[in-house]
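*Asks:* Enclosed is the structure file input_30.cif (mmCIF, C-alpha atoms).
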```cif
data_structure
loop_
_atom_site.group_PDB
_atom_site.id
_atom_site.type_symbol
_atom_site.label_atom_id
_atom_site.label_comp_id
_atom_site.auth_asym_id
_atom_site.auth_seq_id
_atom_site.Cartn_x
_atom_site.Cartn_y
_atom_site.Cartn_z
ATOM 1 C CA MET D 1 87.311 114.408 116.580
ATOM 2 C CA SER D 2 88.061 111.298 118.628
ATOM 3 C CA ILE D 3 89.902 108.221 117.399
ATOM 4 C CA GLU D 4 86.622 106.305 117.620
ATOM 5 C CA GLN D 5 84.921 108.863 115.366
ATOM 6 C CA VAL D 6 87.765 108.680 112.857
ATOM 7 C CA GLU D 7 87.614 104.879 112.905
ATOM 8 C CA SER D 8 83.863 104.933 112.379
ATOM 9 C CA ALA D 9 84.167 107.414 109.500
ATOM 10 C CA ILE D 10 86.832 105.262 107.841
ATOM 11 C CA ARG D 11 84.710 102.134 108.191
ATOM 12 C CA ASP D 12 81.834 104.000 106.492
ATOM 13 C CA LEU D 13 83.970 104.635 103.400
ATOM 14 C CA SER D 14 83.639 102.447 100.350
ATOM 15 C CA PRO D 15 86.493 100.010 99.654
ATOM 16 C CA GLU D 16 87.751 102.305 96.878
ATOM 17 C CA GLU D 17 87.686 105.343 99.181
ATOM 18 C CA ARG D 18 89.581 103.397 101.882
ATOM 19 C CA ARG D 19 92.175 102.373 99.297
ATOM 20 C CA ARG D 20 92.595 105.990 98.218
ATOM 21 C CA LEU D 21 92.886 107.079 101.875
ATOM 22 C CA LEU D 22 95.616 104.509 102.518
ATOM 23 C CA LEU D 23 97.532 105.645 99.456
ATOM 24 C CA TRP D 24 97.209 109.269 100.551
ATOM 25 C CA LEU D 25 98.368 108.465 104.095
ATOM 26 C CA ASP D 26 101.314 106.536 102.725
ATOM 27 C CA GLU D 27 102.317 109.425 100.461
ATOM 28 C CA HIS D 28 102.074 111.948 103.326
ATOM 29 C CA ARG D 29 103.270 109.871 106.293
ATOM 30 C CA TYR D 30 106.496 111.797 106.819
ATOM 31 C CA GLU D 31 104.909 115.221 106.869
ATOM 32 C CA LEU D 32 102.027 113.980 109.041
ATOM 33 C CA PHE D 33 103.958 111.881 111.534
ATOM 34 C CA ALA D 34 107.587 112.966 111.420
ATOM 35 C CA GLY D 35 106.911 116.655 110.969
ATOM 36 C CA SER D 36 109.342 116.862 108.070
ATOM 37 C CA ASP D 37 109.812 115.586 104.539
ATOM 38 C CA GLU D 38 113.500 115.016 105.263
ATOM 39 C CA VAL D 39 114.833 111.532 105.916
ATOM 40 C CA THR D 40 117.126 111.493 108.945
ATOM 41 C CA GLU D 41 120.583 109.994 108.729
ATOM 42 C CA ALA D 42 119.427 107.137 110.974
ATOM 43 C CA HIS D 43 116.522 106.383 108.625
ATOM 44 C CA ARG D 44 118.777 106.640 105.596
ATOM 45 C CA ALA D 45 121.293 104.219 107.167
ATOM 46 C CA GLU D 46 118.484 101.750 107.990
ATOM 47 C CA LEU D 47 117.073 101.944 104.467
ATOM 48 C CA LEU D 48 120.508 101.307 102.986
ATOM 49 C CA ARG D 49 121.065 98.383 105.375
ATOM 50 C CA ARG D 50 117.744 96.820 104.349
ATOM 51 C CA HIS D 51 118.509 97.446 100.669
ATOM 52 C CA ARG D 52 121.852 95.640 100.993
ATOM 53 C CA GLU D 53 120.246 92.809 102.949
ATOM 54 C CA TYR D 54 117.619 92.309 100.253
ATOM 55 C CA PHE D 55 120.195 92.013 97.484
ATOM 56 C CA ASP D 56 122.616 89.938 99.577
ATOM 57 C CA HIS D 57 119.953 87.518 100.886
ATOM 58 C CA PRO D 58 116.803 87.595 98.709
ATOM 59 C CA ASP D 59 115.859 84.157 100.044
ATOM 60 C CA ARG D 60 115.064 85.731 103.431
ATOM 61 C CA PHE D 61 112.245 87.809 101.985
ATOM 62 C CA ILE D 62 108.670 86.760 101.381
ATOM 63 C CA ARG D 63 107.350 87.572 97.942
ATOM 64 C CA VAL D 64 103.707 88.294 97.260
ATOM 65 C CA ALA D 65 102.275 88.110 93.770
ATOM 66 C CA ASN D 66 99.433 90.577 94.116
ATOM 67 C CA GLU D 67 97.659 93.042 96.390
ATOM 68 C CA GLU D 68 95.349 90.356 97.795
ATOM 69 C CA GLN D 69 98.308 88.278 98.980
ATOM 70 C CA SER D 70 99.911 91.395 100.401
ATOM 71 C CA ASP D 71 96.719 92.260 102.300
ATOM 72 C CA ARG D 72 96.532 88.719 103.728
ATOM 73 C CA PHE D 73 100.200 88.816 104.721
ATOM 74 C CA PHE D 74 99.814 92.061 106.671
ATOM 75 C CA GLU D 75 96.483 90.987 108.173
ATOM 76 C CA ASP D 76 98.207 87.883 109.557
ATOM 77 C CA ILE D 77 100.877 90.108 111.087
ATOM 78 C CA ARG D 78 98.215 92.403 112.605
ATOM 79 C CA ARG D 79 96.427 89.401 114.126
ATOM 80 C CA GLU D 80 99.660 88.046 115.586
ATOM 81 C CA VAL D 81 100.642 91.412 117.070
ATOM 82 C CA HIS D 82 97.134 91.933 118.449
ATOM 83 C CA ALA D 83 97.187 88.465 120.043
ATOM 84 C CA ARG D 84 100.544 89.188 121.659
ATOM 85 C CA LEU D 85 99.485 92.586 122.979
ATOM 86 C CA SER D 86 95.974 91.693 124.122
ATOM 87 C CA PRO D 87 95.597 90.820 127.788
ATOM 88 C CA PRO D 88 94.805 87.155 128.445
ATOM 89 C CA ARG D 89 91.113 86.338 128.711
ATOM 90 C CA PRO D 90 89.877 85.099 132.090
ATOM 91 C CA SER D 91 89.268 81.346 132.179
#
```
Just give me the structure of the file as structure tokens.
*Replies:*
Amino acid sequence: MSIEQVESAIRDLSPEERRRLLLWLDEHRYELFAGSDEVTEAHRAELLRRHREYFDHPDRFIRVANEEQSDRFFEDIRREVHARLSPPRPS
């Protein structure tokens, strides 16, 4: 199955089915993408660093009150990354 076929199939899902798919992918990301359920020492060190940073400097973090705000926050990030990575359009 091609990426385009997967994308099309995902877009055909209902919003509830897409939500369930995202939750499933999140729960299984390590086994699917890292090939192991184990957290490496480098990952563990990074998680601990971020944990300390959060408690030492909570003012540096953006808080979202609900899932809708979270979705908007990450959509804005996706748009910004896409704009940075997309080739410039001819004038």
*Asks:* Box for region 45-60 of chain D - axis-aligned, 8 Å on each of the six sides, all listed atoms - centre and size in Å to one decimal, as AutoDock Vina command-line options.
*Replies:*
```
--center_x 118.8 --center_y 94.2 --center_z 102.7 --size_x 23.6 --size_y 36.1 --size_z 26.5
```
*Asks:* Can you measure CA of Glu75 (chain D) to CA of Arg44 (chain D) for me? One decimal in Å is fine.
*Replies:*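 Taking CA of Glu75 (chain D) and CA of Arg44 (chain D), their separation equals 27.4 Å.
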*Asks:* What does the distance from CA of Leu47 (chain D) to CA of Phe61 (chain D) come to in Å, to one decimal?
*Replies:* 15.1 Å
*Asks:* Just how far from CA of Ser8 (chain D) is CA of Leu23 (chain D), in Å to one decimal?
*Replies:*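 Interatomic distance, CA of Leu23 (chain D) to CA of Ser8 (chain D): 18.8 Å.
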*Asks:* How would region 39-50 of chain D read, as a PDB file, in the coordinates of the input, once all heavy atoms are built in?
*Replies:*
```
ATOM      1  N   VAL D  39     114.503 112.824 105.338  1.00  0.00           N
ATOM      2  CA  VAL D  39     114.833 111.532 105.916  1.00  0.00           C
ATOM      3  C   VAL D  39     116.064 111.746 106.787  1.00  0.00           C
ATOM      4  O   VAL D  39     117.067 112.302 106.328  1.00  0.00           O
ATOM      5  CB  VAL D  39     115.122 110.485 104.809  1.00  0.00           C
ATOM      6  CG1 VAL D  39     115.558 109.166 105.392  1.00  0.00           C
ATOM      7  CG2 VAL D  39     113.898 110.315 103.920  1.00  0.00           C
ATOM      8  N   THR D  40     115.989 111.318 108.042  1.00  0.00           N
ATOM      9  CA  THR D  40     117.126 111.493 108.945  1.00  0.00           C
ATOM     10  C   THR D  40     118.260 110.562 108.534  1.00  0.00           C
ATOM     11  O   THR D  40     118.059 109.592 107.802  1.00  0.00           O
ATOM     12  CB  THR D  40     116.724 111.196 110.394  1.00  0.00           C
ATOM     13  OG1 THR D  40     116.411 109.796 110.498  1.00  0.00           O
ATOM     14  CG2 THR D  40     115.527 112.029 110.843  1.00  0.00           C
ATOM     15  N   GLU D  41     119.430 110.853 109.023  1.00  0.00           N
ATOM     16  CA  GLU D  41     120.583 109.994 108.729  1.00  0.00           C
ATOM     17  C   GLU D  41     120.360 108.589 109.256  1.00  0.00           C
ATOM     18  O   GLU D  41     120.744 107.611 108.623  1.00  0.00           O
ATOM     19  CB  GLU D  41     121.864 110.601 109.304  1.00  0.00           C
ATOM     20  CG  GLU D  41     122.380 111.771 108.498  1.00  0.00           C
ATOM     21  CD  GLU D  41     122.591 111.440 107.023  1.00  0.00           C
ATOM     22  OE1 GLU D  41     123.220 110.407 106.720  1.00  0.00           O
ATOM     23  OE2 GLU D  41     122.130 112.217 106.171  1.00  0.00           O
ATOM     24  N   ALA D  42     119.709 108.463 110.407  1.00  0.00           N
ATOM     25  CA  ALA D  42     119.427 107.137 110.974  1.00  0.00           C
ATOM     26  C   ALA D  42     118.483 106.363 110.060  1.00  0.00           C
ATOM     27  O   ALA D  42     118.691 105.171 109.812  1.00  0.00           O
ATOM     28  CB  ALA D  42     118.838 107.269 112.370  1.00  0.00           C
ATOM     29  N   HIS D  43     117.451 107.036 109.552  1.00  0.00           N
ATOM     30  CA  HIS D  43     116.522 106.383 108.625  1.00  0.00           C
ATOM     31  C   HIS D  43     117.228 105.999 107.331  1.00  0.00           C
ATOM     32  O   HIS D  43     117.032 104.907 106.803  1.00  0.00           O
ATOM     33  CB  HIS D  43     115.335 107.288 108.309  1.00  0.00           C
ATOM     34  CG  HIS D  43     114.354 107.403 109.416  1.00  0.00           C
ATOM     35  ND1 HIS D  43     113.846 108.610 109.814  1.00  0.00           N
ATOM     36  CD2 HIS D  43     113.799 106.474 110.229  1.00  0.00           C
ATOM     37  CE1 HIS D  43     113.013 108.428 110.819  1.00  0.00           C
ATOM     38  NE2 HIS D  43     112.978 107.136 111.098  1.00  0.00           N
ATOM     39  N   ARG D  44     118.049 106.901 106.830  1.00  0.00           N
ATOM     40  CA  ARG D  44     118.777 106.640 105.596  1.00  0.00           C
ATOM     41  C   ARG D  44     119.693 105.419 105.768  1.00  0.00           C
ATOM     42  O   ARG D  44     119.735 104.536 104.913  1.00  0.00           O
ATOM     43  CB  ARG D  44     119.602 107.860 105.188  1.00  0.00           C
ATOM     44  CG  ARG D  44     120.259 107.743 103.837  1.00  0.00           C
ATOM     45  CD  ARG D  44     121.028 109.005 103.440  1.00  0.00           C
ATOM     46  NE  ARG D  44     120.332 110.250 103.665  1.00  0.00           N
ATOM     47  CZ  ARG D  44     119.375 110.758 102.879  1.00  0.00           C
ATOM     48  NH1 ARG D  44     119.002 110.104 101.815  1.00  0.00           N
ATOM     49  NH2 ARG D  44     118.807 111.909 103.176  1.00  0.00           N
ATOM     50  N   ALA D  45     120.406 105.354 106.901  1.00  0.00           N
ATOM     51  CA  ALA D  45     121.293 104.219 107.167  1.00  0.00           C
ATOM     52  C   ALA D  45     120.500 102.919 107.243  1.00  0.00           C
ATOM     53  O   ALA D  45     120.933 101.886 106.716  1.00  0.00           O
ATOM     54  CB  ALA D  45     122.070 104.452 108.466  1.00  0.00           C
ATOM     55  N   GLU D  46     119.320 102.957 107.881  1.00  0.00           N
ATOM     56  CA  GLU D  46     118.484 101.750 107.990  1.00  0.00           C
ATOM     57  C   GLU D  46     117.967 101.322 106.625  1.00  0.00           C
ATOM     58  O   GLU D  46     117.950 100.139 106.295  1.00  0.00           O
ATOM     59  CB  GLU D  46     117.323 101.994 108.953  1.00  0.00           C
ATOM     60  CG  GLU D  46     116.385 100.831 109.112  1.00  0.00           C
ATOM     61  CD  GLU D  46     117.012  99.594 109.738  1.00  0.00           C
ATOM     62  OE1 GLU D  46     118.119  99.679 110.307  1.00  0.00           O
ATOM     63  OE2 GLU D  46     116.386  98.519 109.663  1.00  0.00           O
ATOM     64  N   LEU D  47     117.541 102.276 105.816  1.00  0.00           N
ATOM     65  CA  LEU D  47     117.073 101.944 104.467  1.00  0.00           C
ATOM     66  C   LEU D  47     118.191 101.319 103.632  1.00  0.00           C
ATOM     67  O   LEU D  47     117.973 100.328 102.932  1.00  0.00           O
ATOM     68  CB  LEU D  47     116.523 103.194 103.769  1.00  0.00           C
ATOM     69  CG  LEU D  47     115.204 103.726 104.324  1.00  0.00           C
ATOM     70  CD1 LEU D  47     114.917 105.114 103.737  1.00  0.00           C
ATOM     71  CD2 LEU D  47     114.066 102.782 104.038  1.00  0.00           C
ATOM     72  N   LEU D  48     119.381 101.864 103.732  1.00  0.00           N
ATOM     73  CA  LEU D  48     120.508 101.307 102.986  1.00  0.00           C
ATOM     74  C   LEU D  48     120.864  99.905 103.489  1.00  0.00           C
ATOM     75  O   LEU D  48     121.187  99.016 102.702  1.00  0.00           O
ATOM     76  CB  LEU D  48     121.715 102.237 103.085  1.00  0.00           C
ATOM     77  CG  LEU D  48     121.590 103.541 102.300  1.00  0.00           C
ATOM     78  CD1 LEU D  48     122.774 104.465 102.609  1.00  0.00           C
ATOM     79  CD2 LEU D  48     121.488 103.285 100.813  1.00  0.00           C
ATOM     80  N   ARG D  49     120.795  99.710 104.806  1.00  0.00           N
ATOM     81  CA  ARG D  49     121.065  98.383 105.375  1.00  0.00           C
ATOM     82  C   ARG D  49     120.070  97.369 104.844  1.00  0.00           C
ATOM     83  O   ARG D  49     120.435  96.273 104.421  1.00  0.00           O
ATOM     84  CB  ARG D  49     121.000  98.423 106.903  1.00  0.00           C
ATOM     85  CG  ARG D  49     121.359  97.088 107.564  1.00  0.00           C
ATOM     86  CD  ARG D  49     121.021  97.073 109.036  1.00  0.00           C
ATOM     87  NE  ARG D  49     119.588  97.077 109.295  1.00  0.00           N
ATOM     88  CZ  ARG D  49     118.782  96.003 109.136  1.00  0.00           C
ATOM     89  NH1 ARG D  49     119.262  94.864 108.712  1.00  0.00           N
ATOM     90  NH2 ARG D  49     117.499  96.099 109.407  1.00  0.00           N
ATOM     91  N   ARG D  50     118.784  97.732 104.853  1.00  0.00           N
ATOM     92  CA  ARG D  50     117.744  96.820 104.349  1.00  0.00           C
ATOM     93  C   ARG D  50     117.905  96.577 102.850  1.00  0.00           C
ATOM     94  O   ARG D  50     117.676  95.466 102.374  1.00  0.00           O
ATOM     95  CB  ARG D  50     116.363  97.373 104.657  1.00  0.00           C
ATOM     96  CG  ARG D  50     116.055  97.348 106.133  1.00  0.00           C
ATOM     97  CD  ARG D  50     114.690  97.896 106.411  1.00  0.00           C
ATOM     98  NE  ARG D  50     114.474  98.031 107.837  1.00  0.00           N
ATOM     99  CZ  ARG D  50     113.274  98.038 108.392  1.00  0.00           C
ATOM    100  NH1 ARG D  50     112.197  97.924 107.631  1.00  0.00           N
ATOM    101  NH2 ARG D  50     113.137  98.181 109.681  1.00  0.00           N
TER     102      ARG D  50
END
```
